[in-house]
>>> print(open('protein15.cif').read())   # mmCIF, C-alpha atoms
data_work
loop_
_atom_site.label_atom_id
_atom_site.label_comp_id
_atom_site.auth_asym_id
_atom_site.auth_seq_id
_atom_site.Cartn_x
_atom_site.Cartn_y
_atom_site.Cartn_z
CA MET N 10 169.64 129.20 127.10
CA ASN N 11 169.10 129.37 123.30
CA LYS N 12 167.57 132.42 121.74
CA ARG N 13 164.39 130.80 120.39
CA PHE N 14 163.58 129.10 123.71
CA LEU N 15 164.07 132.42 125.53
CA SER N 16 161.88 134.13 122.96
CA LYS N 17 159.11 131.63 123.58
CA LEU N 18 159.27 132.19 127.32
CA LEU N 19 159.02 135.95 126.87
CA VAL N 20 156.09 135.63 124.48
CA VAL N 21 154.22 133.30 126.80
CA PHE N 22 154.88 135.62 129.77
CA ALA N 23 153.61 138.61 127.84
CA ALA N 24 150.55 136.71 126.72
CA LEU N 25 149.70 135.73 130.27
CA CYS N 26 150.00 139.34 131.41
CA VAL N 27 147.68 140.56 128.69
CA LEU N 28 145.18 137.77 129.22
CA THR N 29 144.84 138.69 132.88
CA ALA N 30 143.67 142.09 131.69
CA GLY N 31 140.98 140.43 129.58
CA VAL N 32 142.67 140.91 126.23
CA VAL N 33 143.39 138.01 123.89
CA MET N 34 146.91 138.18 122.51
CA SER N 35 148.29 136.32 119.52
CA VAL N 36 151.28 134.12 120.17
CA SER N 37 151.94 133.18 116.59
CA ALA N 38 155.62 134.10 116.92
CA ALA N 39 156.05 131.32 119.45
CA ASP N 40 154.53 128.84 117.01
CA GLU N 41 157.06 129.43 114.25
CA PRO N 42 159.11 126.28 113.62
CA TYR N 43 162.79 126.23 114.46
CA GLU N 44 165.10 126.82 111.49
CA ILE N 45 167.88 124.22 111.53
CA ALA N 46 170.47 124.28 108.74
CA VAL N 47 172.71 121.28 108.06
CA VAL N 48 175.87 122.25 106.15
CA VAL N 49 177.68 119.29 104.58
CA LYS N 50 181.14 119.07 103.05
CA ILE N 51 179.95 118.80 99.46
CA THR N 52 176.52 118.52 97.86
CA GLY N 53 175.47 116.14 95.11
CA ILE N 54 177.52 113.05 96.01
CA PRO N 55 175.82 109.80 97.11
CA TRP N 56 176.94 110.01 100.75
CA PHE N 57 175.44 113.40 101.45
CA ASN N 58 172.39 112.66 99.34
CA VAL N 59 171.65 109.93 101.87
CA VAL N 60 172.37 112.31 104.77
CA GLU N 61 169.78 114.66 103.29
CA THR N 62 167.08 111.98 103.42
CA GLY N 63 167.55 111.92 107.19
CA VAL N 64 167.42 115.71 107.43
CA ASP N 65 164.19 115.76 105.42
CA ARG N 66 162.68 112.96 107.51
CA ALA N 67 163.48 114.84 110.71
CA ALA N 68 161.94 118.04 109.33
CA LYS N 69 158.70 116.20 108.62
CA GLU N 70 158.52 114.12 111.79
CA LEU N 71 159.65 116.84 114.19
CA GLY N 72 157.79 119.77 112.64
CA VAL N 73 160.86 121.95 112.11
CA ASN N 74 162.22 123.91 109.17
CA ALA N 75 165.31 121.76 108.62
CA TYR N 76 167.23 121.63 105.37
CA GLN N 77 170.63 120.68 103.96
CA THR N 78 173.06 122.88 102.08
CA GLY N 79 176.76 122.95 101.28
CA PRO N 80 179.38 123.84 98.67
CA ALA N 81 179.53 122.29 95.20
CA GLN N 82 183.13 121.23 95.87
CA ALA N 83 184.80 120.13 99.10
CA ASP N 84 186.13 123.66 99.60
CA PRO N 85 186.71 124.85 103.20
CA ALA N 86 186.42 128.54 102.29
CA ALA N 87 183.13 128.01 100.45
CA GLN N 88 181.75 126.09 103.40
CA VAL N 89 182.74 128.88 105.81
CA LYS N 90 180.95 131.42 103.58
CA ILE N 91 177.74 129.37 103.70
CA VAL N 92 177.90 129.22 107.50
CA GLU N 93 178.56 132.98 107.65
CA ASP N 94 175.43 133.61 105.59
CA LEU N 95 173.37 131.41 107.90
CA VAL N 96 174.68 133.29 110.93
CA ALA N 97 173.74 136.59 109.30
CA LYS N 98 170.29 135.18 108.55
CA GLY N 99 169.83 134.32 112.21
CA VAL N 100 168.85 130.64 112.01
CA ASP N 101 168.20 128.81 115.27
CA ALA N 102 170.78 126.06 114.82
CA ILE N 103 173.59 125.14 112.47
CA ALA N 104 174.95 121.61 112.14
CA VAL N 105 178.13 121.24 110.08
CA VAL N 106 180.13 118.35 108.64
CA PRO N 107 183.46 120.20 108.39
CA ASN N 108 185.91 120.28 105.52
CA ASP N 109 188.38 122.07 107.80
CA ALA N 110 187.72 122.18 111.55
CA LYS N 111 190.15 125.03 112.20
CA ALA N 112 188.79 127.24 109.43
CA LEU N 113 185.31 127.12 110.97
CA GLU N 114 186.32 128.29 114.44
CA PRO N 115 185.90 132.07 113.83
CA VAL N 116 182.44 131.75 112.26
CA PHE N 117 181.32 129.34 114.98
CA LYS N 118 182.33 132.00 117.51
CA LYS N 119 180.12 134.53 115.70
CA ALA N 120 177.24 132.07 115.73
CA LYS N 121 177.54 131.46 119.45
CA GLU N 122 177.68 135.20 120.12
CA LYS N 123 174.32 135.54 118.32
CA GLY N 124 172.80 132.74 120.41
CA ILE N 125 172.77 130.20 117.58
CA LEU N 126 173.14 126.56 118.55
CA VAL N 127 176.19 124.99 116.86
CA LEU N 128 176.62 121.25 116.26
CA THR N 129 179.09 119.28 114.17
CA HIS N 130 179.34 115.74 112.82
CA GLU N 131 182.57 113.90 111.96
CA SER N 132 184.60 116.45 113.96
CA PRO N 133 184.97 115.15 117.54
CA ASP N 134 187.69 117.61 118.57
CA GLN N 135 185.94 120.66 117.13
CA VAL N 136 186.47 123.95 118.99
CA GLY N 137 183.64 126.41 119.65
CA ILE N 138 180.57 124.18 119.45
CA ASP N 139 177.79 122.97 121.70
CA TYR N 140 178.18 119.31 120.72
CA ASP N 141 179.68 117.03 118.08
CA PHE N 142 177.34 114.16 117.19
CA GLU N 143 178.75 110.78 116.13
CA LEU N 144 177.03 107.51 115.31
CA ILE N 145 180.11 105.51 116.17
CA ASP N 146 183.02 105.19 118.57
CA ASN N 147 185.70 106.72 116.36
CA VAL N 148 188.64 104.85 117.90
CA LYS N 149 186.83 101.55 117.47
CA PHE N 150 185.89 102.53 113.91
CA GLY N 151 189.48 103.28 112.87
CA GLN N 152 190.71 100.05 114.42
CA GLN N 153 187.98 97.98 112.81
CA ALA N 154 188.78 99.46 109.40
CA PHE N 155 192.36 98.22 109.78
CA ASP N 156 191.11 94.81 110.88
CA GLN N 157 189.18 94.72 107.60
CA LEU N 158 192.30 95.78 105.72
CA VAL N 159 194.28 92.88 107.22
CA ALA N 160 191.46 90.46 106.41
CA ALA N 161 191.70 91.65 102.79
CA MET N 162 195.50 91.72 102.32
CA GLY N 163 197.01 89.67 105.13
CA ASP N 164 198.91 90.88 108.19
CA SER N 165 202.10 91.84 106.34
CA GLY N 166 202.97 93.86 103.27
CA GLU N 167 202.57 97.28 101.71
CA TYR N 168 199.42 99.39 101.91
CA ALA N 169 198.18 102.93 101.29
CA ILE N 170 195.56 105.21 102.85
CA PHE N 171 193.04 107.42 101.06
CA VAL N 172 191.26 110.31 102.85
CA GLY N 173 188.72 112.85 101.66
CA GLY N 174 191.17 115.68 102.33
CA LEU N 175 194.14 116.39 104.56
CA THR N 176 192.05 118.79 106.66
CA VAL N 177 188.97 116.55 107.03
CA PRO N 178 188.94 115.90 110.79
CA LEU N 179 187.49 112.43 111.13
CA HIS N 180 189.11 110.83 108.09
CA ASN N 181 192.51 111.78 109.42
CA PHE N 182 191.61 110.74 112.96
CA TRP N 183 190.67 107.27 111.69
CA ALA N 184 193.92 107.11 109.74
CA ASP N 185 195.96 108.16 112.78
CA THR N 186 194.11 105.68 114.99
CA GLY N 187 194.53 102.85 112.51
CA ILE N 188 198.24 103.48 112.02
CA GLU N 189 198.87 103.44 115.78
CA TYR N 190 196.73 100.33 116.17
CA ALA N 191 198.63 98.58 113.38
CA LYS N 192 202.00 99.33 114.98
CA GLU N 193 200.94 97.22 117.95
CA LYS N 194 198.75 94.54 116.40
CA TYR N 195 200.06 94.30 112.82
CA PRO N 196 203.73 95.38 112.96
CA ASN N 197 204.53 93.86 109.57
CA LEU N 198 202.27 96.25 107.69
CA LYS N 199 204.15 98.94 105.78
CA LEU N 200 202.59 102.27 104.81
CA VAL N 201 204.20 103.09 101.45
CA THR N 202 203.43 106.80 101.22
CA ASP N 203 201.71 109.69 102.98
CA ARG N 204 197.91 109.48 103.06
CA ILE N 205 196.40 110.50 99.73
CA PRO N 206 193.54 113.07 99.56
CA CYS N 207 191.05 111.70 97.03
CA GLY N 208 188.24 110.08 99.00
CA GLU N 209 185.50 112.44 97.85
CA ASP N 210 186.19 112.02 94.11
CA GLN N 211 185.81 108.63 92.43
CA GLU N 212 187.76 109.50 89.29
CA LEU N 213 190.61 111.04 91.29
CA ALA N 214 190.73 107.94 93.50
CA ARG N 215 190.86 105.77 90.39
CA GLN N 216 193.77 107.81 88.98
CA LYS N 217 195.65 107.74 92.30
CA THR N 218 195.21 103.97 92.49
CA LEU N 219 196.65 103.53 89.01
CA GLU N 220 199.61 105.67 90.06
CA LEU N 221 200.08 103.61 93.23
CA ILE N 222 200.03 100.35 91.28
CA LYS N 223 202.75 101.66 89.00
CA ALA N 224 204.91 103.17 91.77
CA TYR N 225 204.54 100.28 94.22
CA PRO N 226 204.29 96.97 92.36
CA ASN N 227 204.20 95.05 95.66
CA LEU N 228 201.20 96.99 97.01
CA LYS N 229 198.78 94.63 98.75
CA GLY N 230 196.11 96.86 100.27
CA ILE N 231 194.26 100.18 100.29
CA VAL N 232 192.06 101.51 103.08
CA GLY N 233 189.91 104.43 102.03
CA PHE N 234 188.18 107.01 104.24
CA GLY N 235 185.75 109.03 102.15
CA SER N 236 182.89 107.23 100.44
CA LEU N 237 184.22 107.51 96.88
CA GLY N 238 187.85 106.56 97.60
CA PRO N 239 187.34 102.79 97.90
CA ILE N 240 184.98 102.83 94.91
CA GLY N 241 187.54 104.56 92.68
CA ALA N 242 190.25 102.18 93.87
CA ALA N 243 188.06 99.15 93.16
CA GLN N 244 187.30 100.52 89.69
CA ALA N 245 191.04 100.78 88.94
CA LEU N 246 191.71 97.24 90.16
CA LYS N 247 188.88 95.91 88.01
CA GLU N 248 190.31 97.64 84.94
CA LYS N 249 193.79 96.23 85.58
CA GLY N 250 192.67 92.75 86.59
CA LEU N 251 194.29 93.10 90.02
CA ALA N 252 191.32 92.39 92.28
CA ASP N 253 192.98 89.19 93.53
CA LYS N 254 196.29 90.93 94.24
CA ILE N 255 195.27 94.08 96.10
CA GLY N 256 192.63 94.25 98.83
CA VAL N 257 190.50 97.41 99.08
CA VAL N 258 188.33 98.29 102.09
CA GLY N 259 186.88 101.45 103.61
CA THR N 260 183.88 103.72 103.98
CA VAL N 261 181.31 103.18 101.24
CA ILE N 262 177.61 103.54 100.46
CA PRO N 263 176.32 99.93 100.36
CA SER N 264 174.18 100.30 97.24
CA GLN N 265 177.07 101.92 95.37
CA ALA N 266 179.58 99.35 96.61
CA ALA N 267 177.45 96.26 95.96
CA PRO N 268 178.66 95.44 92.42
CA TYR N 269 182.32 95.87 93.40
CA LEU N 270 181.83 93.70 96.48
CA LYS N 271 180.18 90.99 94.40
CA GLU N 272 182.97 90.87 91.85
CA GLY N 273 185.69 91.07 94.53
CA SER N 274 187.47 94.29 93.57
CA LEU N 275 186.22 95.68 96.89
CA LYS N 276 186.64 93.26 99.79
CA GLN N 277 184.58 94.87 102.56
CA GLY N 278 183.14 98.20 103.68
CA ILE N 279 182.61 99.96 106.97
CA LEU N 280 180.11 102.70 107.72
CA TRP N 281 177.09 103.89 109.63
CA ASN N 282 173.79 104.87 108.05
CA PRO N 283 174.30 108.45 106.76
CA SER N 284 170.54 109.03 106.93
CA ASP N 285 170.73 108.49 110.69
CA ALA N 286 173.42 111.17 110.86
CA GLY N 287 171.12 113.70 109.19
CA PHE N 288 168.17 112.75 111.37
CA GLY N 289 170.25 112.68 114.55
CA MET N 290 171.75 116.13 114.05
CA VAL N 291 168.32 117.70 113.54
CA TRP N 292 166.75 115.74 116.40
CA LEU N 293 169.54 116.78 118.77
CA ALA N 294 169.22 120.42 117.71
CA LYS N 295 165.46 120.50 118.33
CA TYR N 296 165.86 118.65 121.63
CA MET N 297 168.27 121.33 122.84
CA LEU N 298 166.27 124.23 121.41
CA ASP N 299 163.30 122.96 123.40
CA GLY N 300 165.39 123.47 126.54
CA ASN N 301 166.28 119.82 127.23
CA LYS N 302 169.58 118.70 128.71
CA VAL N 303 171.70 116.30 126.67
CA GLU N 304 173.02 113.49 128.85
CA THR N 305 174.15 109.88 128.74
CA GLY N 306 171.17 107.60 128.37
CA THR N 307 169.11 110.01 126.29
CA GLU N 308 167.54 108.02 123.46
CA ILE N 309 167.31 109.25 119.88
CA PRO N 310 164.35 107.55 118.14
CA GLY N 311 165.48 104.90 115.69
CA ILE N 312 169.15 105.32 116.62
CA GLY N 313 169.38 104.38 120.28
CA LYS N 314 170.82 105.66 123.51
CA ILE N 315 173.71 108.10 123.46
CA THR N 316 176.83 108.54 125.53
CA VAL N 317 178.01 112.06 126.37
CA GLU N 318 181.69 112.81 126.97
CA GLY N 319 182.29 116.55 127.24
CA THR N 320 181.09 117.99 123.94
CA LEU N 321 181.07 114.57 122.25
CA VAL N 322 177.73 112.83 121.82
CA LYS N 323 177.99 109.35 120.38
CA ALA N 324 175.90 106.29 119.59
CA ASP N 325 177.23 102.85 118.58
CA ALA N 326 176.06 101.96 115.09
CA ILE N 327 179.05 100.64 113.11
CA LEU N 328 178.05 98.61 110.04
CA SER N 329 180.25 96.03 108.32
CA ILE N 330 179.28 95.97 104.64
CA THR N 331 179.81 92.78 102.65
CA ALA N 332 178.78 91.20 99.37
CA GLU N 333 176.12 89.32 101.31
CA ASN N 334 174.40 92.26 103.04
CA ALA N 335 175.11 95.33 100.87
CA GLU N 336 171.86 95.22 98.90
CA SER N 337 169.71 94.57 101.97
CA LEU N 338 170.85 97.59 104.02
CA GLY N 339 168.45 99.90 102.20
CA PHE N 340 170.72 102.80 101.22
#
>>> encode(input="protein15.cif", output="structure tokens")
Amino acid sequence: MNKRFLSKLLVVFAALCVLTAGVVMSVSAADEPYEIAVVVKITGIPWFNVVETGVDRAAKELGVNAYQTGPAQADPAAQVKIVEDLVAKGVDAIAVVPNDAKALEPVFKKAKEKGILVLTHESPDQVGIDYDFELIDNVKFGQQAFDQLVAAMGDSGEYAIFVGGLTVPLHNFWADTGIEYAKEKYPNLKLVTDRIPCGEDQELARQKTLELIKAYPNLKGIVGFGSLGPIGAAQALKEKGLADKIGVVGTVIPSQAAPYLKEGSLKQGILWNPSDAGFGMVWLAKYMLDGNKVETGTEIPGIGKITVEGTLVKADAILSITAENAESLGF
């Protein structure tokens, strides 16, 4: 039972006792809104700006004190420090999009010991949480990304993988899943080098793409996990006039990807609506803080019914982003 829900029960019980004695008692403490903090990997980039719109929408619609915070760089230690401060503050719930799942385990333990609800997003194997919330089936997502890669470059030849960072849980899960999938379905694909951490920095992704082009002149494809990786790669291909030679796909913000999709330097994108992720995390936190049980079939407004598998809560909202639909998706 979470600490705020228990507090409400105690306040109501005390109020009833006093009222039976003919004394009116204030229960203002029970009326205080839940404080729900969403800690993202890095603030100020388009992806998490969109996530924040969902957090803000949930705060307004659900009547909670929900807000988004995070480090200025994708720094695991800085993210842990932010979570530690929130634990010390005594918020009701913390929802985190991890930079490093392992690094967060000790502070999550502290949070749980204080009765704070702990959720994650993009970290399905996270230790020490109540639930991890996903808008997609992650195996299906990784496989579909590689199907897009093959559609862009063909079913044989050299390719590379970009991730946000080597410790980012879901990016590396998708990469692992896609590689295993390709071994069976696309055995003639050849991964030219270890996955490259640059997916959260457009300029770094651009530089890494230029290096790849030089080192591997037969490169035919890049799949990028991390919303700025495919954009930086597409920018490099546009500069070098190689959009027809190398196919780039991956996770992107539709509005940001639209011009690259139209000109062909980016072939296709894959995603979910990041705003739904922000809304869903806050909705799930309030639902649990109110004392409700999370189970398969529970419906999150505007997102749909969820499936619960252990500590994994998932919906099914994969989006394929193309030149035709990118501008109409609304984010």
>>> residues_near_point(input="protein15.cif", point="(194.6, 112.4, 96.4)", cutoff="12 Å", atoms="only C-alpha atoms", output="PyMOL selection string")
chain N and resi 169-175+202-221+233-235+237-238+241-242
>>> write_last_selection(input="protein15.cif", atoms="C-alpha atoms", output="tab-separated table (two decimals), in the coordinates of the input")
chain	number	residue	atom	x	y	z
N	169	ALA	CA	198.18	102.93	101.29
N	170	ILE	CA	195.56	105.21	102.85
N	171	PHE	CA	193.04	107.42	101.06
N	172	VAL	CA	191.26	110.31	102.85
N	173	GLY	CA	188.72	112.85	101.66
N	174	GLY	CA	191.17	115.68	102.33
N	175	LEU	CA	194.14	116.39	104.56
N	202	THR	CA	203.43	106.80	101.22
N	203	ASP	CA	201.71	109.69	102.98
N	204	ARG	CA	197.91	109.48	103.06
N	205	ILE	CA	196.40	110.50	99.73
N	206	PRO	CA	193.54	113.07	99.56
N	207	CYS	CA	191.05	111.70	97.03
N	208	GLY	CA	188.24	110.08	99.00
N	209	GLU	CA	185.50	112.44	97.85
N	210	ASP	CA	186.19	112.02	94.11
N	211	GLN	CA	185.81	108.63	92.43
N	212	GLU	CA	187.76	109.50	89.29
N	213	LEU	CA	190.61	111.04	91.29
N	214	ALA	CA	190.73	107.94	93.50
N	215	ARG	CA	190.86	105.77	90.39
N	216	GLN	CA	193.77	107.81	88.98
N	217	LYS	CA	195.65	107.74	92.30
N	218	THR	CA	195.21	103.97	92.49
N	219	LEU	CA	196.65	103.53	89.01
N	220	GLU	CA	199.61	105.67	90.06
N	221	LEU	CA	200.08	103.61	93.23
N	233	GLY	CA	189.91	104.43	102.03
N	234	PHE	CA	188.18	107.01	104.24
N	235	GLY	CA	185.75	109.03	102.15
N	237	LEU	CA	184.22	107.51	96.88
N	238	GLY	CA	187.85	106.56	97.60
N	241	GLY	CA	187.54	104.56	92.68
N	242	ALA	CA	190.25	102.18	93.87
>>> atom_distance(input="protein15.cif", atom1="CA of Glu143 in chain N", atom2="CA of Pro268 in chain N")
28.2 Å
>>> residues_near_point(input="protein15.cif", point="(182.2, 99.5, 111.9)", cutoff="12 Å", atoms="only C-alpha atoms", output="count of residues only")
32
>>> residues_around(input="protein15.cif", residues="Lys229 in chain N", least_positions_apart="6", cutoff="6 Å", atoms="all atoms listed in the file", output="ChimeraX atom specification")
/N:162,167-168,255
>>> write_last_selection(input="protein15.cif", atoms="C-alpha atoms", output="PDB file, keeping the file's coordinate frame")
ATOM      1  CA  MET N 162     195.500  91.720 102.320  1.00  0.00           C
ATOM      2  CA  GLU N 167     202.570  97.280 101.710  1.00  0.00           C
ATOM      3  CA  TYR N 168     199.420  99.390 101.910  1.00  0.00           C
ATOM      4  CA  ILE N 255     195.270  94.080  96.100  1.00  0.00           C
TER       5      ILE N 255
END
>>> resolve_selection(input="protein15.cif", expression="the PyMOL selection byres ((chain N and resi 80) around 8)", output="ChimeraX atom specification")
/N:49-52,78-79,81-84,87-88,91
>>> residues_around(input="protein15.cif", residues="Asp141 in chain N", least_positions_apart="3", cutoff="8 Å", atoms="all atoms listed in the file", output="NGL selection string")
:N and (128-133 or 135 or 138 or 320-322)
>>> atom_distance(input="protein15.cif", atom1="CA of Ser264 in chain N", atom2="CA of Lys247 in chain N")
17.9 Å
>>> atom_distance(input="protein15.cif", atom1="CA of Ala120 in chain N", atom2="CA of Tyr43 in chain N")
15.6 Å
>>> resolve_selection(input="protein15.cif", expression="the PyMOL selection byres ((chain N and resi 275) around 8)", output="PyMOL selection string")
chain N and resi 239-240+243+252+256-258+266+269-270+272-274+276-278
>>> closest_residue(input="protein15.cif", among="N:Ala161, N:Ile45, N:Leu293, N:Ile54", to="Ser236 in chain N", atoms="all atoms listed in the file")
N:Ile54
>>> closest_residue(input="protein15.cif", among="N:Ala97, N:Ala86, N:Val177, N:Val291", to="Glu44 in chain N", atoms="all atoms listed in the file")
N:Val291
>>> resolve_selection(input="protein15.cif", expression="the PyMOL selection byres ((chain N and resi 67) around 10)", output="list in words")
Glu61, Thr62, Gly63, Val64, Asp65, Arg66, Ala68, Lys69, Glu70, Leu71, Gly72, Val73, Asn74, Ala75, Tyr76, Ser284, Asp285, Gly287, Phe288, Gly289, Met290, Val291, Trp292 and Lys295 of chain N
>>> write_last_selection(input="protein15.cif", atoms="C-alpha atoms", output="compact mmCIF listing (two decimals), in the coordinates of the input")
# COMPACT_ATOMS: atom_id res chain seq x y z
CA GLU N 61 169.78 114.66 103.29
CA THR N 62 167.08 111.98 103.42
CA GLY N 63 167.55 111.92 107.19
CA VAL N 64 167.42 115.71 107.43
CA ASP N 65 164.19 115.76 105.42
CA ARG N 66 162.68 112.96 107.51
CA ALA N 68 161.94 118.04 109.33
CA LYS N 69 158.70 116.20 108.62
CA GLU N 70 158.52 114.12 111.79
CA LEU N 71 159.65 116.84 114.19
CA GLY N 72 157.79 119.77 112.64
CA VAL N 73 160.86 121.95 112.11
CA ASN N 74 162.22 123.91 109.17
CA ALA N 75 165.31 121.76 108.62
CA TYR N 76 167.23 121.63 105.37
CA SER N 284 170.54 109.03 106.93
CA ASP N 285 170.73 108.49 110.69
CA GLY N 287 171.12 113.70 109.19
CA PHE N 288 168.17 112.75 111.37
CA GLY N 289 170.25 112.68 114.55
CA MET N 290 171.75 116.13 114.05
CA VAL N 291 168.32 117.70 113.54
CA TRP N 292 166.75 115.74 116.40
CA LYS N 295 165.46 120.50 118.33
>>> closest_residue(input="protein15.cif", among="N:Lys249, N:Glu41, N:Ala191, N:Pro226", to="Leu158 in chain N", atoms="all atoms listed in the file")
N:Ala191
>>> closest_residue(input="protein15.cif", among="N:Leu126, N:Ile222, N:Val60, N:Ala110", to="Gly300 in chain N", atoms="all atoms listed in the file")
N:Leu126
>>> residues_around(input="protein15.cif", residues="Tyr195 in chain N", least_positions_apart="6", cutoff="9 Å", atoms="only C-alpha atoms", output="PyMOL selection string")
chain N and resi 159+164-165
>>> write_last_selection(input="protein15.cif", atoms="C-alpha atoms", output="compact mmCIF listing (two decimals), keeping the file's coordinate frame")
# COMPACT_ATOMS: atom_id res chain seq x y z
CA VAL N 159 194.28 92.88 107.22
CA ASP N 164 198.91 90.88 108.19
CA SER N 165 202.10 91.84 106.34
>>> closest_residue(input="protein15.cif", among="N:Ala160, N:Thr307, N:Phe340, N:Ile315", to="Trp56 in chain N", atoms="all atoms listed in the file")
N:Phe340
>>> residues_around(input="protein15.cif", residues="Lys111 in chain N", least_positions_apart="5", cutoff="12 Å", atoms="only C-alpha atoms", output="CSV table (one decimal) with C-alpha atoms, keeping the file's coordinate frame")
chain,number,residue,atom,x,y,z
N,85,PRO,CA,186.7,124.8,103.2
N,86,ALA,CA,186.4,128.5,102.3
N,89,VAL,CA,182.7,128.9,105.8
N,116,VAL,CA,182.4,131.8,112.3
N,117,PHE,CA,181.3,129.3,115.0
N,118,LYS,CA,182.3,132.0,117.5
N,132,SER,CA,184.6,116.4,114.0
N,134,ASP,CA,187.7,117.6,118.6
N,135,GLN,CA,185.9,120.7,117.1
N,136,VAL,CA,186.5,124.0,119.0
N,137,GLY,CA,183.6,126.4,119.6
N,176,THR,CA,192.0,118.8,106.7
N,177,VAL,CA,189.0,116.6,107.0
N,178,PRO,CA,188.9,115.9,110.8
>>> decode(input="protein15.cif", residues="range 195-218 of chain N", atoms="C-alpha atoms", output="compact mmCIF listing (two decimals), in the first residue's frame")
# COMPACT_ATOMS: atom_id res chain seq x y z
CA TYR N 195 18.04 -11.82 -43.38
CA PRO N 196 21.24 -13.92 -43.14
CA ASN N 197 23.00 -11.92 -45.85
CA LEU N 198 23.06 -8.73 -43.81
CA LYS N 199 26.49 -7.89 -42.39
CA LEU N 200 26.98 -5.69 -39.34
CA VAL N 201 30.23 -3.83 -40.07
CA THR N 202 31.13 -2.62 -36.58
CA ASP N 203 29.96 -2.57 -32.96
CA ARG N 204 26.88 -0.44 -32.31
CA ILE N 205 27.74 3.25 -32.17
CA PRO N 206 26.55 5.46 -29.26
CA CYS N 207 25.36 8.72 -30.82
CA GLY N 208 21.58 8.54 -31.03
CA GLU N 209 20.88 11.43 -28.67
CA ASP N 210 23.14 13.93 -30.46
CA GLN N 211 22.43 14.96 -34.05
CA GLU N 212 25.86 16.46 -34.74
CA LEU N 213 27.66 13.44 -33.27
CA ALA N 214 25.49 11.13 -35.39
CA ARG N 215 26.35 13.20 -38.45
CA GLN N 216 30.08 12.93 -37.69
CA LYS N 217 29.86 9.18 -37.04
CA THR N 218 28.03 8.70 -40.34
